[in-house]
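Source file: query.cif. Holds: mmCIF, C-alpha atoms.
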data_coords
#
loop_
_atom_site.group_PDB
_atom_site.id
_atom_site.type_symbol
_atom_site.label_atom_id
_atom_site.label_comp_id
_atom_site.auth_asym_id
_atom_site.auth_seq_id
_atom_site.Cartn_x
_atom_site.Cartn_y
_atom_site.Cartn_z
ATOM 1 C CA MET A 1 0.494 2.616 -20.799
ATOM 2 C CA LYS A 2 -1.768 2.089 -17.802
ATOM 3 C CA ALA A 3 -0.614 -0.064 -14.893
ATOM 4 C CA LEU A 4 -2.484 -1.360 -11.853
ATOM 5 C CA VAL A 5 -0.584 -1.066 -8.569
ATOM 6 C CA ILE A 6 -1.970 -3.307 -5.802
ATOM 7 C CA VAL A 7 -0.736 -2.051 -2.421
ATOM 8 C CA ASP A 8 -0.365 -4.498 0.490
ATOM 9 C CA ALA A 9 -3.456 -6.659 -0.089
ATOM 10 C CA GLN A 10 -2.208 -8.973 2.675
ATOM 11 C CA ILE A 11 -3.929 -11.175 5.227
ATOM 12 C CA ASP A 12 -2.751 -9.172 8.262
ATOM 13 C CA PHE A 13 -4.582 -6.079 6.958
ATOM 14 C CA MET A 14 -7.836 -7.985 6.388
ATOM 15 C CA PRO A 15 -10.544 -8.747 8.997
ATOM 16 C CA GLY A 16 -9.082 -11.187 11.533
ATOM 17 C CA GLY A 17 -5.532 -10.073 10.763
ATOM 18 C CA ALA A 18 -2.995 -8.532 13.134
ATOM 19 C CA LEU A 19 -3.656 -4.976 11.877
ATOM 20 C CA ALA A 20 -7.153 -5.440 10.517
ATOM 21 C CA ILE A 21 -8.887 -2.816 8.396
ATOM 22 C CA ALA A 22 -12.680 -2.864 8.581
ATOM 23 C CA ASN A 23 -14.121 -4.418 5.407
ATOM 24 C CA GLY A 24 -10.586 -4.753 4.008
ATOM 25 C CA ASP A 25 -11.494 -8.035 2.320
ATOM 26 C CA SER A 26 -14.282 -6.313 0.353
ATOM 27 C CA ILE A 27 -11.661 -4.994 -2.085
ATOM 28 C CA VAL A 28 -10.475 -8.448 -3.201
ATOM 29 C CA PRO A 29 -13.321 -9.243 -5.636
ATOM 30 C CA VAL A 30 -13.117 -5.691 -6.989
ATOM 31 C CA ILE A 31 -9.376 -6.083 -7.672
ATOM 32 C CA ASN A 32 -9.994 -9.447 -9.351
ATOM 33 C CA LYS A 33 -12.528 -7.854 -11.706
ATOM 34 C CA LEU A 34 -10.101 -5.050 -12.556
ATOM 35 C CA LEU A 35 -7.177 -7.296 -13.514
ATOM 36 C CA PRO A 36 -8.224 -7.970 -17.141
ATOM 37 C CA GLU A 37 -8.404 -4.206 -17.777
ATOM 38 C CA PHE A 38 -4.639 -3.728 -17.354
ATOM 39 C CA GLU A 39 -1.697 -4.734 -19.479
ATOM 40 C CA LEU A 40 0.661 -4.415 -16.509
ATOM 41 C CA VAL A 41 -0.096 -5.357 -12.886
ATOM 42 C CA VAL A 42 2.373 -4.996 -10.010
ATOM 43 C CA ALA A 43 1.975 -5.409 -6.261
ATOM 44 C CA THR A 44 3.675 -4.228 -3.096
ATOM 45 C CA GLN A 45 4.080 -6.372 -0.017
ATOM 46 C CA ASP A 46 4.837 -5.290 3.542
ATOM 47 C CA TRP A 47 7.695 -7.617 4.540
ATOM 48 C CA HIS A 48 8.958 -6.850 8.043
ATOM 49 C CA PRO A 49 11.631 -8.666 10.030
ATOM 50 C CA PRO A 50 10.456 -9.662 13.552
ATOM 51 C CA ASN A 51 12.700 -7.010 15.157
ATOM 52 C CA HIS A 52 11.212 -4.133 13.153
ATOM 53 C CA ALA A 53 11.434 -0.763 14.942
ATOM 54 C CA SER A 54 7.808 0.071 14.100
ATOM 55 C CA PHE A 55 6.484 -2.825 16.203
ATOM 56 C CA ALA A 56 5.285 -1.825 19.680
ATOM 57 C CA SER A 57 6.470 -5.215 20.956
ATOM 58 C CA ASN A 58 10.073 -4.119 20.331
ATOM 59 C CA HIS A 59 9.779 -1.107 22.678
ATOM 60 C CA GLN A 60 9.520 -1.814 26.387
ATOM 61 C CA GLY A 61 6.484 -0.227 28.007
ATOM 62 C CA LYS A 62 4.944 0.843 24.688
ATOM 63 C CA LYS A 63 1.683 -0.329 23.176
ATOM 64 C CA PRO A 64 0.272 -0.328 19.640
ATOM 65 C CA PHE A 65 -0.633 3.132 18.288
ATOM 66 C CA ASP A 66 1.695 4.943 20.713
ATOM 67 C CA ILE A 67 3.888 7.468 18.894
ATOM 68 C CA ILE A 68 7.655 7.650 19.341
ATOM 69 C CA GLU A 69 10.452 9.474 17.529
ATOM 70 C CA LEU A 70 12.375 7.287 15.109
ATOM 71 C CA LEU A 71 15.198 8.681 12.966
ATOM 72 C CA GLY A 72 13.940 12.207 13.632
ATOM 73 C CA MET A 73 10.348 11.461 12.548
ATOM 74 C CA ASP A 74 7.165 10.635 14.421
ATOM 75 C CA GLN A 75 6.573 6.905 14.225
ATOM 76 C CA VAL A 76 3.291 5.192 15.036
ATOM 77 C CA LEU A 77 3.959 1.896 16.781
ATOM 78 C CA TRP A 78 2.002 -0.938 15.210
ATOM 79 C CA PRO A 79 1.024 -4.430 16.292
ATOM 80 C CA ASP A 80 3.418 -7.004 14.831
ATOM 81 C CA HIS A 81 2.194 -7.493 11.260
ATOM 82 C CA CYS A 82 3.300 -8.846 7.881
ATOM 83 C CA VAL A 83 6.333 -10.545 9.410
ATOM 84 C CA GLN A 84 8.498 -12.137 6.724
ATOM 85 C CA GLY A 85 7.466 -15.686 5.905
ATOM 86 C CA THR A 86 4.323 -15.711 8.074
ATOM 87 C CA LYS A 87 0.771 -16.428 6.943
ATOM 88 C CA GLY A 88 -0.228 -12.850 7.724
ATOM 89 C CA ALA A 89 2.290 -11.502 5.210
ATOM 90 C CA GLU A 90 0.752 -13.501 2.355
ATOM 91 C CA PHE A 91 -1.666 -11.979 -0.125
ATOM 92 C CA HIS A 92 -5.342 -12.604 0.551
ATOM 93 C CA PRO A 93 -5.963 -16.199 -0.648
ATOM 94 C CA GLU A 94 -8.881 -15.178 -2.868
ATOM 95 C CA MET A 95 -6.907 -12.533 -4.729
ATOM 96 C CA GLU A 96 -5.879 -13.671 -8.195
ATOM 97 C CA THR A 97 -2.112 -13.251 -8.458
ATOM 98 C CA LEU A 98 -1.258 -14.851 -11.822
ATOM 99 C CA LYS A 99 -1.393 -11.500 -13.635
ATOM 100 C CA ILE A 100 1.058 -9.832 -11.211
ATOM 101 C CA THR A 101 4.334 -9.424 -13.108
ATOM 102 C CA ALA A 102 6.445 -8.205 -10.174
ATOM 103 C CA ILE A 103 6.182 -7.875 -6.386
ATOM 104 C CA PHE A 104 8.021 -5.082 -4.573
ATOM 105 C CA ARG A 105 8.673 -5.785 -0.904
ATOM 106 C CA LYS A 106 8.990 -2.950 1.586
ATOM 107 C CA GLY A 107 9.650 -2.435 5.282
ATOM 108 C CA ILE A 108 12.567 -4.873 5.182
ATOM 109 C CA ASN A 109 15.070 -2.561 6.928
ATOM 110 C CA PRO A 110 14.453 -3.085 10.689
ATOM 111 C CA GLU A 111 15.446 0.507 11.492
ATOM 112 C CA ILE A 112 12.869 2.391 9.385
ATOM 113 C CA ASP A 113 9.251 2.029 8.318
ATOM 114 C CA SER A 114 8.182 2.072 4.692
ATOM 115 C CA TYR A 115 4.615 3.121 3.925
ATOM 116 C CA SER A 116 5.220 3.880 0.256
ATOM 117 C CA GLY A 117 5.775 1.198 -2.336
ATOM 118 C CA PHE A 118 8.509 3.382 -3.867
ATOM 119 C CA TYR A 119 10.720 4.387 -0.914
ATOM 120 C CA ASP A 120 11.232 4.024 2.825
ATOM 121 C CA ASN A 121 9.817 6.844 4.974
ATOM 122 C CA SER A 122 13.082 8.814 4.866
ATOM 123 C CA HIS A 123 13.461 8.357 1.095
ATOM 124 C CA LEU A 124 16.887 6.819 1.691
ATOM 125 C CA GLN A 125 16.358 3.692 -0.363
ATOM 126 C CA SER A 126 14.258 2.928 -3.437
ATOM 127 C CA THR A 127 12.380 -0.344 -3.887
ATOM 128 C CA GLY A 128 13.003 -0.171 -7.631
ATOM 129 C CA LEU A 129 9.298 0.205 -8.424
ATOM 130 C CA ALA A 130 9.639 3.516 -10.310
ATOM 131 C CA GLY A 131 12.428 2.201 -12.522
ATOM 132 C CA TYR A 132 10.515 -0.982 -13.292
ATOM 133 C CA LEU A 133 7.370 0.900 -14.276
ATOM 134 C CA ARG A 134 9.330 3.269 -16.506
ATOM 135 C CA GLU A 135 11.149 0.404 -18.186
ATOM 136 C CA LYS A 136 7.795 -1.215 -18.941
ATOM 137 C CA GLY A 137 6.482 2.044 -20.411
ATOM 138 C CA ALA A 138 3.850 2.761 -17.768
ATOM 139 C CA THR A 139 2.803 6.406 -17.444
ATOM 140 C CA GLU A 140 -0.628 6.178 -15.789
ATOM 141 C CA LEU A 141 -0.824 4.305 -12.498
ATOM 142 C CA TYR A 142 -4.092 3.094 -11.015
ATOM 143 C CA PHE A 143 -3.924 2.385 -7.290
ATOM 144 C CA CYS A 144 -5.846 -0.029 -5.085
ATOM 145 C CA GLY A 145 -5.146 -1.968 -1.874
ATOM 146 C CA LEU A 146 -4.643 -1.181 1.801
ATOM 147 C CA ALA A 147 -4.759 1.049 3.693
ATOM 148 C CA ALA A 148 -6.156 3.999 1.751
ATOM 149 C CA ASP A 149 -5.044 6.576 4.327
ATOM 150 C CA ILE A 150 -1.534 5.186 4.885
ATOM 151 C CA CYS A 151 0.348 2.987 2.425
ATOM 152 C CA VAL A 152 -1.870 3.684 -0.580
ATOM 153 C CA TYR A 153 -1.705 7.433 0.112
ATOM 154 C CA PHE A 154 2.084 7.574 0.518
ATOM 155 C CA THR A 155 2.603 5.388 -2.551
ATOM 156 C CA ILE A 156 0.457 7.754 -4.627
ATOM 157 C CA ILE A 157 2.362 10.817 -3.350
ATOM 158 C CA ASP A 158 5.672 9.227 -4.363
ATOM 159 C CA ALA A 159 4.207 8.258 -7.749
ATOM 160 C CA LEU A 160 3.322 11.913 -8.376
ATOM 161 C CA ASN A 161 6.811 13.005 -7.321
ATOM 162 C CA GLU A 162 8.248 10.465 -9.761
ATOM 163 C CA GLY A 163 6.258 12.053 -12.592
ATOM 164 C CA PHE A 164 3.516 9.462 -13.041
ATOM 165 C CA LYS A 165 -0.155 10.267 -13.486
ATOM 166 C CA ALA A 166 -2.075 8.737 -10.554
ATOM 167 C CA VAL A 167 -5.630 7.480 -10.234
ATOM 168 C CA LEU A 168 -7.160 6.118 -7.017
ATOM 169 C CA ILE A 169 -9.769 3.384 -7.479
ATOM 170 C CA GLU A 170 -11.904 4.238 -4.473
ATOM 171 C CA ASP A 171 -13.989 1.063 -4.174
ATOM 172 C CA ALA A 172 -10.814 -1.052 -4.426
ATOM 173 C CA THR A 173 -9.294 0.422 -1.263
ATOM 174 C CA CYS A 174 -10.289 0.871 2.392
ATOM 175 C CA PRO A 175 -8.892 3.215 5.059
ATOM 176 C CA LEU A 176 -7.747 2.289 8.544
ATOM 177 C CA ASN A 177 -9.187 5.609 9.777
ATOM 178 C CA PRO A 178 -12.201 6.744 7.686
ATOM 179 C CA ASP A 179 -12.156 10.276 9.152
ATOM 180 C CA GLU A 180 -8.511 10.698 8.187
ATOM 181 C CA PHE A 181 -9.266 9.426 4.702
ATOM 182 C CA VAL A 182 -11.816 12.211 4.124
ATOM 183 C CA LYS A 183 -8.989 14.753 4.549
ATOM 184 C CA ILE A 184 -6.506 12.674 2.542
ATOM 185 C CA ARG A 185 -8.981 12.233 -0.316
ATOM 186 C CA LYS A 186 -9.209 16.026 -0.668
ATOM 187 C CA LYS A 187 -5.411 16.363 -0.512
ATOM 188 C CA LEU A 188 -5.062 13.867 -3.343
ATOM 189 C CA GLN A 189 -7.647 15.664 -5.472
ATOM 190 C CA ASP A 190 -5.892 18.978 -4.823
ATOM 191 C CA LYS A 191 -2.683 17.385 -6.170
ATOM 192 C CA GLY A 192 -4.419 16.335 -9.370
ATOM 193 C CA VAL A 193 -5.146 12.706 -8.508
ATOM 194 C CA GLU A 194 -8.272 11.432 -10.238
ATOM 195 C CA ILE A 195 -10.586 9.393 -8.011
ATOM 196 C CA MET A 196 -12.608 6.757 -9.835
ATOM 197 C CA GLN A 197 -14.870 3.798 -9.143
ATOM 198 C CA SER A 198 -13.984 0.413 -10.625
ATOM 199 C CA SER A 199 -17.141 0.449 -12.769
ATOM 200 C CA MET A 200 -15.837 3.563 -14.551
ATOM 201 C CA ILE A 201 -12.675 1.689 -15.554
ATOM 202 C CA MET A 202 -14.489 -1.454 -16.665
ATOM 203 C CA ASN A 203 -16.871 0.602 -18.813
ATOM 204 C CA GLN A 204 -14.120 2.552 -20.598
#
What would the structure in this file look like if it were written as structure tokens?
Amino acid sequence: MKALVIVDAQIDFMPGGALAIANGDSIVPVINKLLPEFELVVATQDWHPPNHASFASNHQGKKPFDIIELLGMDQVLWPDHCVQGTKGAEFHPEMETLKITAIFRKGINPEIDSYSGFYDNSHLQSTGLAGYLREKGATELYFCGLAADICVYFTIIDALNEGFKAVLIEDATCPLNPDEFVKIRKKLQDKGVEIMQSSMIMNQ
């Protein structure tokens, strides 16, 4: 079965948000059009406590996009974003959410970041997404959401490692860094990820 995985389509990642991605809101109507094509739709949601270690504001003298070492890994420091219970953590108001059967929240542990919808960055704790998808019988996962070069990318890599077939819907995602995405796009293709446009799915 095919499943649509919507990654972090939240207000803080859209234009005007705390960690805005250029044209991030352009994906919302594309996602809405895709929804009827899938039997199963799930979503991930960045859900940080205010004291999260990835926030620059929690490190004296540091500013957003500085890099520190955290738990033995390089950690980009971000502006405060998707803080639990805030408006910025909500899904974009124009995104249709009725078809979403389950939401998997990530980044809850204040000590470690979580780009992937499957695991934290150290792969210490699972969100339960893989088990849920398997239980539902999903084998092919179609990915959309934000940001293409960070959370969408790491979620796809974990999906491959979990044995799922992965497809990236390119016009239903946007990168934070377009130059980085060019390299990441090739990496994904080299790993066997199919890259499609939404029109290809709707015309199947």
Kindly assemble as a tab-separated table a list of the segment 107-141 of chain A residues that lie within 8 Å of segment 51-61 of chain A, each paired with its nearest atom pair and their distance in Å to one decimal, using all atoms listed in the file, sorted first by chain and then by ascending residue number.
residue	atom	partner	partner_atom	distance
A:Asn109	CA	A:His52	CA	7.5
A:Pro110	CA	A:His52	CA	4.2
A:Glu111	CA	A:Ala53	CA	5.4
A:Ile112	CA	A:Ala53	CA	6.5
A:Asp113	CA	A:Ser54	CA	6.3
In Å, rounded to a single decimal, give me how far atom CA of Thr97 of chain A is from atom CA of Pro36 of chain A. 11.9 Å
Atom CA of Leu34 of chain A and atom CA of Tyr142 of chain A are how many Å apart? 10.2 Å
Report, in Å to a single decimal, how far apart atom CA of Glu194 of chain A and atom CA of Val167 of chain A are.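 Computing it gives 4.8 Å between the two atoms.
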Got a sec to resolve the PyMOL selection byres ((chain A and resi 140) around 10) on this structure and send the residues as a ChimeraX atom specification? /A:1-4,133,137-139,141-143,159,163-167
Could you give me, as a list in words, the residues that sit within 9 Å of (-4.6, -7.6, 5.2) in the file's coordinates, counting all atoms listed in the file? Asp8, Ala9, Gln10, Ile11, Asp12, Phe13, Met14, Pro15, Gly16, Gly17, Ala18, Leu19, Ala20, Ile21, Gly24, Asp25, Cys82, Gly88, Ala89, Glu90, Phe91, His92, Leu146 and Ala147 of chain A
Resolved residues for the PyMOL selection byres ((chain A and resi 124-131) around 10) as a ChimeraX atom specification: /A:5,42-44,102-107,109,112,114,116-123,132-138,158-159,162-164
Since the input is missing atoms, can you rebuild N, CA and C atoms for segment 173-197 of chain A and write them as an mmCIF file, keeping the file's coordinate frame?
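Result file selection_3.cif:
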data_model
loop_
_atom_site.group_PDB
_atom_site.id
_atom_site.type_symbol
_atom_site.label_atom_id
_atom_site.label_comp_id
_atom_site.auth_asym_id
_atom_site.auth_seq_id
_atom_site.Cartn_x
_atom_site.Cartn_y
_atom_site.Cartn_z
ATOM 1 N N THR A 173 -10.159 0.099 -2.400
ATOM 2 C CA THR A 173 -9.294 0.422 -1.263
ATOM 3 C C THR A 173 -10.160 0.708 -0.053
ATOM 4 N N CYS A 174 -9.580 0.570 1.139
ATOM 5 C CA CYS A 174 -10.289 0.871 2.392
ATOM 6 C C CYS A 174 -9.309 1.565 3.337
ATOM 7 N N PRO A 175 -9.782 2.551 4.113
ATOM 8 C CA PRO A 175 -8.892 3.215 5.059
ATOM 9 C C PRO A 175 -8.881 2.540 6.425
ATOM 10 N N LEU A 176 -7.785 2.700 7.143
ATOM 11 C CA LEU A 176 -7.747 2.289 8.544
ATOM 12 C C LEU A 176 -8.578 3.257 9.381
ATOM 13 N N ASN A 177 -8.460 4.557 9.065
ATOM 14 C CA ASN A 177 -9.187 5.609 9.777
ATOM 15 C C ASN A 177 -10.033 6.384 8.763
ATOM 16 N N PRO A 178 -11.346 6.098 8.688
ATOM 17 C CA PRO A 178 -12.201 6.744 7.686
ATOM 18 C C PRO A 178 -12.215 8.271 7.785
ATOM 19 N N ASP A 179 -12.160 8.811 9.004
ATOM 20 C CA ASP A 179 -12.156 10.276 9.152
ATOM 21 C C ASP A 179 -10.904 10.887 8.548
ATOM 22 N N GLU A 180 -9.780 10.221 8.751
ATOM 23 C CA GLU A 180 -8.511 10.698 8.187
ATOM 24 C C GLU A 180 -8.555 10.632 6.662
ATOM 25 N N PHE A 181 -9.215 9.597 6.152
ATOM 26 C CA PHE A 181 -9.266 9.426 4.702
ATOM 27 C C PHE A 181 -10.048 10.551 4.025
ATOM 28 N N VAL A 182 -11.052 11.094 4.693
ATOM 29 C CA VAL A 182 -11.816 12.211 4.124
ATOM 30 C C VAL A 182 -10.866 13.368 3.803
ATOM 31 N N LYS A 183 -9.951 13.658 4.754
ATOM 32 C CA LYS A 183 -8.989 14.753 4.549
ATOM 33 C C LYS A 183 -7.969 14.383 3.463
ATOM 34 N N ILE A 184 -7.507 13.141 3.497
ATOM 35 C CA ILE A 184 -6.506 12.674 2.542
ATOM 36 C C ILE A 184 -7.064 12.653 1.121
ATOM 37 N N ARG A 185 -8.318 12.267 0.992
ATOM 38 C CA ARG A 185 -8.981 12.233 -0.316
ATOM 39 C C ARG A 185 -8.937 13.621 -0.959
ATOM 40 N N LYS A 186 -9.235 14.648 -0.151
ATOM 41 C CA LYS A 186 -9.209 16.026 -0.668
ATOM 42 C C LYS A 186 -7.789 16.441 -1.050
ATOM 43 N N LYS A 187 -6.813 16.050 -0.203
ATOM 44 C CA LYS A 187 -5.411 16.363 -0.512
ATOM 45 C C LYS A 187 -5.004 15.769 -1.858
ATOM 46 N N LEU A 188 -5.409 14.533 -2.086
ATOM 47 C CA LEU A 188 -5.062 13.867 -3.343
ATOM 48 C C LEU A 188 -5.701 14.582 -4.529
ATOM 49 N N GLN A 189 -6.970 14.949 -4.386
ATOM 50 C CA GLN A 189 -7.647 15.664 -5.472
ATOM 51 C C GLN A 189 -6.972 17.004 -5.741
ATOM 52 N N ASP A 190 -6.569 17.680 -4.673
ATOM 53 C CA ASP A 190 -5.892 18.978 -4.823
ATOM 54 C C ASP A 190 -4.561 18.834 -5.568
ATOM 55 N N LYS A 191 -3.957 17.635 -5.476
ATOM 56 C CA LYS A 191 -2.683 17.385 -6.170
ATOM 57 C C LYS A 191 -2.881 16.851 -7.584
ATOM 58 N N GLY A 192 -4.138 16.766 -8.002
ATOM 59 C CA GLY A 192 -4.419 16.335 -9.370
ATOM 60 C C GLY A 192 -4.678 14.855 -9.537
ATOM 61 N N VAL A 193 -4.848 14.142 -8.425
ATOM 62 C CA VAL A 193 -5.146 12.706 -8.508
ATOM 63 C C VAL A 193 -6.627 12.526 -8.858
ATOM 64 N N GLU A 194 -6.884 11.730 -9.871
ATOM 65 C CA GLU A 194 -8.272 11.432 -10.238
ATOM 66 C C GLU A 194 -8.774 10.307 -9.340
ATOM 67 N N ILE A 195 -10.001 10.438 -8.852
ATOM 68 C CA ILE A 195 -10.586 9.393 -8.011
ATOM 69 C C ILE A 195 -11.744 8.768 -8.782
ATOM 70 N N MET A 196 -11.634 7.469 -9.008
ATOM 71 C CA MET A 196 -12.608 6.757 -9.835
ATOM 72 C C MET A 196 -13.180 5.560 -9.089
ATOM 73 N N GLN A 197 -14.302 5.072 -9.583
ATOM 74 C CA GLN A 197 -14.870 3.798 -9.143
ATOM 75 C C GLN A 197 -14.469 2.727 -10.162
#
